[in-house]
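Coordinates from protein.txt are shown below (compact mmCIF, N, CA and C atoms).
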# COMPACT_ATOMS: atom_id res chain seq x y z
N MET A 1 103.80 103.86 78.01
CA MET A 1 103.94 103.34 79.34
C MET A 1 105.39 103.49 79.78
N VAL A 2 105.58 103.98 80.97
CA VAL A 2 106.92 104.19 81.49
C VAL A 2 107.32 103.01 82.34
N ASN A 3 108.50 102.49 82.11
CA ASN A 3 109.03 101.41 82.93
C ASN A 3 109.91 102.04 84.00
N TYR A 4 109.43 102.04 85.23
CA TYR A 4 110.17 102.67 86.32
C TYR A 4 111.24 101.76 86.91
N PHE A 5 111.27 100.51 86.52
CA PHE A 5 112.23 99.57 87.06
C PHE A 5 113.22 99.13 85.99
N THR A 6 114.45 99.01 86.35
CA THR A 6 115.40 98.28 85.53
C THR A 6 115.61 96.96 86.24
N SER A 7 116.23 96.01 85.60
CA SER A 7 116.38 94.70 86.22
C SER A 7 117.15 94.77 87.53
N ALA A 8 118.17 95.63 87.62
CA ALA A 8 118.95 95.74 88.85
C ALA A 8 118.13 96.37 89.97
N GLU A 9 117.34 97.39 89.65
CA GLU A 9 116.53 98.05 90.67
C GLU A 9 115.48 97.11 91.25
N THR A 10 114.93 96.24 90.44
CA THR A 10 113.89 95.34 90.90
C THR A 10 114.37 94.51 92.07
N TRP A 11 115.58 93.99 92.00
CA TRP A 11 116.09 93.12 93.05
C TRP A 11 116.48 93.88 94.30
N ASP A 12 116.78 95.16 94.17
CA ASP A 12 117.19 95.96 95.32
C ASP A 12 116.04 96.72 95.96
N SER A 13 114.85 96.59 95.43
CA SER A 13 113.71 97.34 95.94
C SER A 13 113.19 96.75 97.25
N LYS A 14 112.74 97.63 98.12
CA LYS A 14 112.05 97.22 99.34
C LYS A 14 110.61 97.69 99.14
N ILE A 15 109.71 96.74 98.93
CA ILE A 15 108.35 97.05 98.52
C ILE A 15 107.40 97.01 99.72
N TYR A 16 106.61 98.07 99.87
CA TYR A 16 105.60 98.15 100.92
C TYR A 16 104.26 97.76 100.32
N LEU A 17 103.56 96.80 100.92
CA LEU A 17 102.25 96.38 100.44
C LEU A 17 101.18 97.26 101.09
N MET A 18 100.49 98.03 100.27
CA MET A 18 99.44 98.92 100.74
C MET A 18 98.09 98.25 100.53
N SER A 19 97.50 97.77 101.61
CA SER A 19 96.18 97.14 101.55
C SER A 19 95.13 98.22 101.76
N LEU A 20 94.26 98.37 100.80
CA LEU A 20 93.23 99.41 100.87
C LEU A 20 91.94 98.84 101.44
N LEU A 21 91.29 99.61 102.29
CA LEU A 21 89.98 99.27 102.83
C LEU A 21 89.08 100.49 102.67
N PRO A 22 87.77 100.26 102.43
CA PRO A 22 86.87 101.41 102.33
C PRO A 22 86.88 102.25 103.61
N VAL A 23 86.76 103.56 103.45
CA VAL A 23 86.73 104.49 104.57
C VAL A 23 85.35 105.11 104.63
N GLN A 24 84.70 104.99 105.77
CA GLN A 24 83.36 105.55 105.94
C GLN A 24 83.38 107.06 105.75
N GLY A 25 82.70 107.56 104.74
CA GLY A 25 82.60 109.00 104.51
C GLY A 25 83.88 109.65 104.04
N GLY A 26 84.84 108.87 103.54
CA GLY A 26 86.10 109.44 103.09
C GLY A 26 86.70 108.66 101.94
N SER A 27 87.94 108.92 101.67
CA SER A 27 88.64 108.28 100.57
C SER A 27 89.82 107.48 101.11
N ALA A 28 89.83 106.20 100.83
CA ALA A 28 90.96 105.36 101.24
C ALA A 28 92.23 105.81 100.55
N PHE A 29 92.11 106.28 99.32
CA PHE A 29 93.29 106.76 98.60
C PHE A 29 93.92 107.95 99.31
N LEU A 30 93.10 108.90 99.72
CA LEU A 30 93.64 110.11 100.36
C LEU A 30 94.19 109.83 101.75
N THR A 31 93.58 108.90 102.49
CA THR A 31 94.10 108.59 103.82
C THR A 31 95.48 107.94 103.75
N GLN A 32 95.79 107.28 102.65
CA GLN A 32 97.09 106.63 102.51
C GLN A 32 98.22 107.64 102.30
N ILE A 33 97.89 108.84 101.82
CA ILE A 33 98.92 109.86 101.59
C ILE A 33 99.64 110.19 102.89
N GLU A 34 98.91 110.18 104.00
CA GLU A 34 99.51 110.49 105.30
C GLU A 34 100.61 109.48 105.68
N GLU A 35 100.53 108.27 105.15
CA GLU A 35 101.49 107.21 105.50
C GLU A 35 102.75 107.23 104.63
N LEU A 36 102.74 107.98 103.54
CA LEU A 36 103.85 107.90 102.58
C LEU A 36 105.19 108.35 103.14
N ASP A 37 105.18 109.38 103.98
CA ASP A 37 106.45 109.83 104.56
C ASP A 37 107.05 108.75 105.45
N TRP A 38 106.19 108.09 106.24
CA TRP A 38 106.67 107.00 107.09
C TRP A 38 107.19 105.85 106.23
N ILE A 39 106.48 105.52 105.16
CA ILE A 39 106.89 104.42 104.27
C ILE A 39 108.28 104.72 103.70
N ARG A 40 108.48 105.95 103.25
CA ARG A 40 109.79 106.35 102.69
C ARG A 40 110.88 106.33 103.77
N ALA A 41 110.56 106.85 104.95
CA ALA A 41 111.53 106.89 106.04
C ALA A 41 111.92 105.49 106.51
N ALA A 42 111.03 104.53 106.34
CA ALA A 42 111.32 103.15 106.74
C ALA A 42 112.21 102.44 105.72
N GLY A 43 112.57 103.14 104.66
CA GLY A 43 113.50 102.58 103.69
C GLY A 43 112.87 101.90 102.49
N HIS A 44 111.56 102.01 102.37
CA HIS A 44 110.90 101.40 101.22
C HIS A 44 111.20 102.22 99.96
N THR A 45 111.28 101.53 98.84
CA THR A 45 111.54 102.20 97.57
C THR A 45 110.36 102.12 96.61
N ALA A 46 109.35 101.31 96.98
CA ALA A 46 108.18 101.14 96.12
C ALA A 46 106.96 100.83 96.99
N VAL A 47 105.80 101.17 96.44
CA VAL A 47 104.52 100.86 97.07
C VAL A 47 103.74 99.98 96.11
N CYS A 48 103.28 98.84 96.61
CA CYS A 48 102.43 97.95 95.81
C CYS A 48 101.03 97.99 96.41
N MET A 49 100.05 98.44 95.62
CA MET A 49 98.68 98.51 96.10
C MET A 49 97.92 97.24 95.74
N THR A 50 97.15 96.74 96.71
CA THR A 50 96.25 95.64 96.40
C THR A 50 95.28 96.13 95.33
N PRO A 51 94.54 95.25 94.64
CA PRO A 51 93.71 95.68 93.52
C PRO A 51 92.81 96.88 93.85
N VAL A 52 92.84 97.87 92.96
CA VAL A 52 92.06 99.10 93.14
C VAL A 52 90.92 99.17 92.13
N PHE A 53 90.69 98.11 91.40
CA PHE A 53 89.71 98.12 90.32
C PHE A 53 88.30 97.81 90.82
N GLN A 54 87.33 98.16 89.98
CA GLN A 54 85.93 97.90 90.32
C GLN A 54 85.74 96.41 90.55
N CYS A 55 85.15 96.07 91.70
CA CYS A 55 84.94 94.66 92.02
C CYS A 55 83.46 94.35 92.11
N VAL A 56 83.17 93.07 92.21
CA VAL A 56 81.78 92.61 92.30
C VAL A 56 81.16 93.20 93.57
N PRO A 57 79.95 93.76 93.47
CA PRO A 57 79.36 94.42 94.64
C PRO A 57 78.89 93.47 95.74
N GLU A 58 78.98 92.17 95.53
CA GLU A 58 78.60 91.23 96.58
C GLU A 58 79.60 91.33 97.72
N TYR A 59 79.16 91.02 98.91
CA TYR A 59 80.04 91.13 100.07
C TYR A 59 80.41 89.75 100.57
N SER A 60 81.60 89.65 101.09
CA SER A 60 82.10 88.39 101.62
C SER A 60 81.64 88.22 103.07
N TRP A 61 82.10 87.19 103.70
CA TRP A 61 81.68 86.88 105.07
C TRP A 61 82.00 87.99 106.06
N ASP A 62 83.03 88.77 105.81
CA ASP A 62 83.39 89.84 106.75
C ASP A 62 82.76 91.19 106.37
N ARG A 63 81.81 91.16 105.44
CA ARG A 63 81.03 92.34 105.02
C ARG A 63 81.85 93.37 104.25
N LEU A 64 83.03 93.00 103.78
CA LEU A 64 83.84 93.91 102.97
C LEU A 64 83.90 93.38 101.55
N PRO A 65 83.94 94.27 100.54
CA PRO A 65 84.06 93.80 99.16
C PRO A 65 85.39 93.08 98.96
N ASP A 66 85.39 92.09 98.12
CA ASP A 66 86.60 91.32 97.83
C ASP A 66 87.31 91.95 96.64
N PRO A 67 88.44 92.64 96.84
CA PRO A 67 89.11 93.32 95.73
C PRO A 67 89.66 92.36 94.69
N TYR A 68 89.69 91.08 94.99
CA TYR A 68 90.22 90.11 94.04
C TYR A 68 89.13 89.54 93.13
N ARG A 69 87.89 89.92 93.33
CA ARG A 69 86.80 89.53 92.42
C ARG A 69 86.52 90.73 91.51
N ILE A 70 87.42 90.96 90.58
CA ILE A 70 87.41 92.16 89.75
C ILE A 70 86.31 92.07 88.70
N LEU A 71 85.53 93.12 88.63
CA LEU A 71 84.46 93.22 87.65
C LEU A 71 84.94 93.93 86.39
N ASN A 72 85.73 95.00 86.59
CA ASN A 72 86.15 95.80 85.45
C ASN A 72 87.53 96.40 85.73
N HIS A 73 88.52 96.01 84.93
CA HIS A 73 89.88 96.53 85.08
C HIS A 73 90.01 97.97 84.57
N ARG A 74 88.98 98.49 83.96
CA ARG A 74 89.04 99.83 83.40
C ARG A 74 88.45 100.90 84.33
N GLU A 75 87.93 100.48 85.47
CA GLU A 75 87.31 101.39 86.42
C GLU A 75 87.92 101.23 87.80
N ILE A 76 87.99 102.34 88.53
CA ILE A 76 88.48 102.34 89.91
C ILE A 76 87.33 101.94 90.83
N ASN A 77 87.65 101.21 91.89
CA ASN A 77 86.65 100.84 92.89
C ASN A 77 86.22 102.09 93.65
N ARG A 78 84.98 102.50 93.48
CA ARG A 78 84.47 103.73 94.10
C ARG A 78 84.39 103.62 95.62
N ASP A 79 84.47 102.40 96.17
CA ASP A 79 84.51 102.25 97.63
C ASP A 79 85.78 102.85 98.21
N TYR A 80 86.81 102.99 97.39
CA TYR A 80 88.09 103.53 97.85
C TYR A 80 88.23 105.03 97.59
N GLY A 81 87.39 105.58 96.74
CA GLY A 81 87.47 107.00 96.41
C GLY A 81 87.31 107.23 94.91
N SER A 82 87.52 108.44 94.49
CA SER A 82 87.34 108.80 93.07
C SER A 82 88.64 108.57 92.29
N ILE A 83 88.52 108.65 90.98
CA ILE A 83 89.70 108.52 90.12
C ILE A 83 90.67 109.66 90.41
N GLU A 84 90.15 110.84 90.74
CA GLU A 84 91.00 111.97 91.07
C GLU A 84 91.80 111.70 92.34
N ASP A 85 91.14 111.08 93.33
CA ASP A 85 91.83 110.71 94.57
C ASP A 85 92.94 109.70 94.28
N PHE A 86 92.65 108.73 93.44
CA PHE A 86 93.63 107.71 93.08
C PHE A 86 94.84 108.34 92.39
N LEU A 87 94.58 109.23 91.42
CA LEU A 87 95.67 109.87 90.69
C LEU A 87 96.50 110.77 91.61
N ARG A 88 95.85 111.40 92.58
CA ARG A 88 96.60 112.22 93.55
C ARG A 88 97.52 111.34 94.39
N LEU A 89 97.02 110.17 94.82
CA LEU A 89 97.86 109.25 95.59
C LEU A 89 99.07 108.82 94.77
N VAL A 90 98.86 108.47 93.52
CA VAL A 90 99.98 108.05 92.66
C VAL A 90 100.97 109.20 92.51
N ASP A 91 100.48 110.42 92.31
CA ASP A 91 101.37 111.58 92.20
C ASP A 91 102.18 111.78 93.48
N GLU A 92 101.53 111.64 94.63
CA GLU A 92 102.22 111.81 95.91
C GLU A 92 103.27 110.72 96.12
N ILE A 93 102.97 109.51 95.68
CA ILE A 93 103.95 108.42 95.76
C ILE A 93 105.20 108.80 94.96
N HIS A 94 104.99 109.25 93.74
CA HIS A 94 106.11 109.61 92.88
C HIS A 94 106.86 110.85 93.39
N LEU A 95 106.14 111.81 93.98
CA LEU A 95 106.81 113.00 94.53
C LEU A 95 107.81 112.64 95.63
N ARG A 96 107.58 111.55 96.30
CA ARG A 96 108.48 111.10 97.37
C ARG A 96 109.58 110.18 96.86
N GLY A 97 109.67 110.06 95.54
CA GLY A 97 110.72 109.23 94.96
C GLY A 97 110.44 107.74 95.04
N LEU A 98 109.19 107.37 95.35
CA LEU A 98 108.81 105.97 95.41
C LEU A 98 108.22 105.52 94.08
N LYS A 99 108.33 104.25 93.81
CA LYS A 99 107.70 103.67 92.63
C LYS A 99 106.33 103.15 93.03
N CYS A 100 105.41 103.09 92.08
CA CYS A 100 104.05 102.64 92.36
C CYS A 100 103.75 101.39 91.54
N ILE A 101 103.32 100.35 92.22
CA ILE A 101 102.98 99.09 91.56
C ILE A 101 101.51 98.81 91.85
N LEU A 102 100.75 98.48 90.82
CA LEU A 102 99.36 98.06 91.00
C LEU A 102 99.28 96.55 90.86
N GLU A 103 98.74 95.91 91.87
CA GLU A 103 98.56 94.47 91.79
C GLU A 103 97.38 94.17 90.88
N VAL A 104 97.63 93.42 89.84
CA VAL A 104 96.59 93.02 88.90
C VAL A 104 96.60 91.50 88.84
N VAL A 105 95.53 90.89 89.30
CA VAL A 105 95.43 89.44 89.32
C VAL A 105 94.43 89.05 88.24
N MET A 106 94.94 88.69 87.09
CA MET A 106 94.08 88.45 85.94
C MET A 106 93.20 87.21 86.09
N ASP A 107 93.62 86.23 86.87
CA ASP A 107 92.79 85.04 86.98
C ASP A 107 91.70 85.19 88.04
N SER A 108 91.54 86.38 88.59
CA SER A 108 90.49 86.62 89.58
C SER A 108 89.35 87.44 89.00
N LEU A 109 89.24 87.47 87.72
CA LEU A 109 88.20 88.24 87.05
C LEU A 109 86.83 87.62 87.28
N SER A 110 85.85 88.44 87.62
CA SER A 110 84.49 87.98 87.81
C SER A 110 83.87 87.59 86.47
N LYS A 111 83.01 86.60 86.48
CA LYS A 111 82.32 86.20 85.24
C LYS A 111 81.35 87.28 84.77
N ALA A 112 81.03 88.24 85.62
CA ALA A 112 80.15 89.35 85.24
C ALA A 112 80.92 90.45 84.51
N SER A 113 82.22 90.29 84.33
CA SER A 113 83.03 91.31 83.68
C SER A 113 82.64 91.47 82.21
N PRO A 114 82.66 92.71 81.72
CA PRO A 114 82.39 92.94 80.30
C PRO A 114 83.38 92.24 79.38
N LEU A 115 84.57 91.89 79.88
CA LEU A 115 85.56 91.22 79.04
C LEU A 115 85.07 89.86 78.55
N PHE A 116 84.23 89.19 79.32
CA PHE A 116 83.70 87.90 78.88
C PHE A 116 82.90 88.06 77.59
N ALA A 117 82.10 89.12 77.52
CA ALA A 117 81.29 89.35 76.32
C ALA A 117 82.09 89.99 75.20
N GLU A 118 82.98 90.93 75.53
CA GLU A 118 83.73 91.66 74.52
C GLU A 118 84.86 90.85 73.90
N HIS A 119 85.51 90.01 74.69
CA HIS A 119 86.67 89.26 74.20
C HIS A 119 86.64 87.80 74.66
N PRO A 120 85.74 87.01 74.11
CA PRO A 120 85.69 85.60 74.52
C PRO A 120 86.98 84.84 74.18
N GLU A 121 87.76 85.37 73.24
CA GLU A 121 89.00 84.69 72.85
C GLU A 121 90.06 84.76 73.95
N TYR A 122 89.86 85.60 74.95
CA TYR A 122 90.81 85.70 76.06
C TYR A 122 90.68 84.55 77.06
N PHE A 123 89.62 83.76 76.93
CA PHE A 123 89.29 82.76 77.93
C PHE A 123 89.39 81.35 77.38
N ILE A 124 89.65 80.42 78.28
CA ILE A 124 89.76 79.01 77.93
C ILE A 124 88.47 78.33 78.37
N TYR A 125 87.91 77.51 77.50
CA TYR A 125 86.68 76.81 77.81
C TYR A 125 86.97 75.34 78.07
N HIS A 126 86.30 74.77 79.06
CA HIS A 126 86.41 73.35 79.36
C HIS A 126 85.57 72.61 78.33
N GLU A 127 86.15 71.65 77.63
CA GLU A 127 85.46 70.97 76.54
C GLU A 127 84.23 70.18 76.99
N ARG A 128 84.34 69.47 78.10
CA ARG A 128 83.21 68.63 78.52
C ARG A 128 82.07 69.44 79.10
N LYS A 129 82.37 70.42 79.89
CA LYS A 129 81.32 71.17 80.57
C LYS A 129 80.90 72.43 79.81
N ARG A 130 81.70 72.83 78.86
CA ARG A 130 81.44 74.06 78.10
C ARG A 130 81.31 75.27 79.02
N GLU A 131 82.09 75.26 80.08
CA GLU A 131 82.09 76.38 81.01
C GLU A 131 83.33 77.22 80.78
N ARG A 132 83.20 78.49 81.06
CA ARG A 132 84.36 79.36 80.94
C ARG A 132 85.21 79.25 82.19
N PHE A 133 86.50 79.19 81.98
CA PHE A 133 87.43 79.24 83.09
C PHE A 133 87.89 80.67 83.25
N ARG A 134 88.46 80.97 84.39
CA ARG A 134 89.04 82.29 84.58
C ARG A 134 90.23 82.44 83.65
N MET A 135 90.60 83.69 83.40
CA MET A 135 91.75 83.95 82.52
C MET A 135 93.00 83.38 83.11

Represent the structure contained in this file as C-alpha cells.
Amino acid sequence: MVNYFTSAETWDSKIYLMSLLPVQGGSAFLTQIEELDWIRAAGHTAVCMTPVFQCVPEYSWDRLPDPYRILNHREINRDYGSIEDFLRLVDEIHLRGLKCILEVVMDSLSKASPLFAEHPEYFIYHERKRERFRM
C-alpha cells in the first residue's frame, strides 16, 4: 500500500468531496473524469469519494441506494459503473497530480454483509440483548 500523504501534506491539502450518484445508462465513475481538470484548476490537491462499495439493494425514501449501508467492502457498487471504470477514474485522478481518498465508514456496515458470518470477532455483542452492534 502506498502512502500518498506525509503529515505536512495532509494539513496543506485542499480536498474536493466527490459525491457519486448512479447515472442512467452510463457510468458515474467515467462522468466524473470530465470534472477533474476543473477540480485541479480550482486548487484542490486531493479528491475524496463518498463510499463506492457494494451497498444494500434496498432504496431509501428518495429512491436512491444509500452508499453508507455497505454490504461488501470487497466489491464496487455496480450502480456507479464497473471496476474498470473505477480504476480508470483513479488513474485519471493520479495523472492530474491529485491524491485519491476513498471514504470508508466501517460502522455503517449492513448486517447482511459476509463479514458478519466470516469474522464474528470483528463485532461487539450487547450482553443483554445478544444482538450484534455495528463495527

- Expressed in Å to a single decimal, how great is the separation between atom N of Leu36 (chain A) and atom N of His94 (chain A)?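 Going from atom N of Leu36 (chain A) over to atom N of His94 (chain A) covers 10.1 Å.
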
- Query: Between CA of Phe86 (chain A) and CA of Arg74 (chain A), what is the spacing in Å?
  - Reply: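 CA of Phe86 (chain A) lies 13.3 Å from CA of Arg74 (chain A).
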
- Got a sec to tell me which of region 16-97 of chain A DSSP assigns to strand (DSSP E or B), as a PyMOL selection string? chain A and resi 16-18+46-49+53-55+59+65+70-76

- Item | Neighbour residues at most 10 Å from (83.9, 103.3, 94.6) (only C-alpha atoms) as an MDAnalysis selection string | chainID A and resid 22 27:28 52:55 57 75:83

- Task: Would you mind telling me which residue in A:Ile93, A:Ala112, A:Leu98, A:Ile70 lies nearest to Ile33 (chain A) when using all atoms listed in the file?
- Result: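 Going through A:Ile93, A:Ala112, A:Leu98, A:Ile70 one by one, the smallest distance to Ile33 (chain A) is for A:Ile93.
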
- Message: Among region 18-131 of chain A, which residues does DSSP mark as helix (DSSP H, G or I) when it is run on the backbone? Keep the chain and numbering as in the structure and answer as a count of residues only.
- Response: 36

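Between CA of Thr31 (chain A) and CA of Asp12 (chain A) the interatomic distance comes to 27.7 Å.
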
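Considering all atoms listed in the file, the residue among A:Gln24, A:Glu92, A:Leu30, A:Leu71 positioned nearest to Ser110 (chain A) is A:Leu71.
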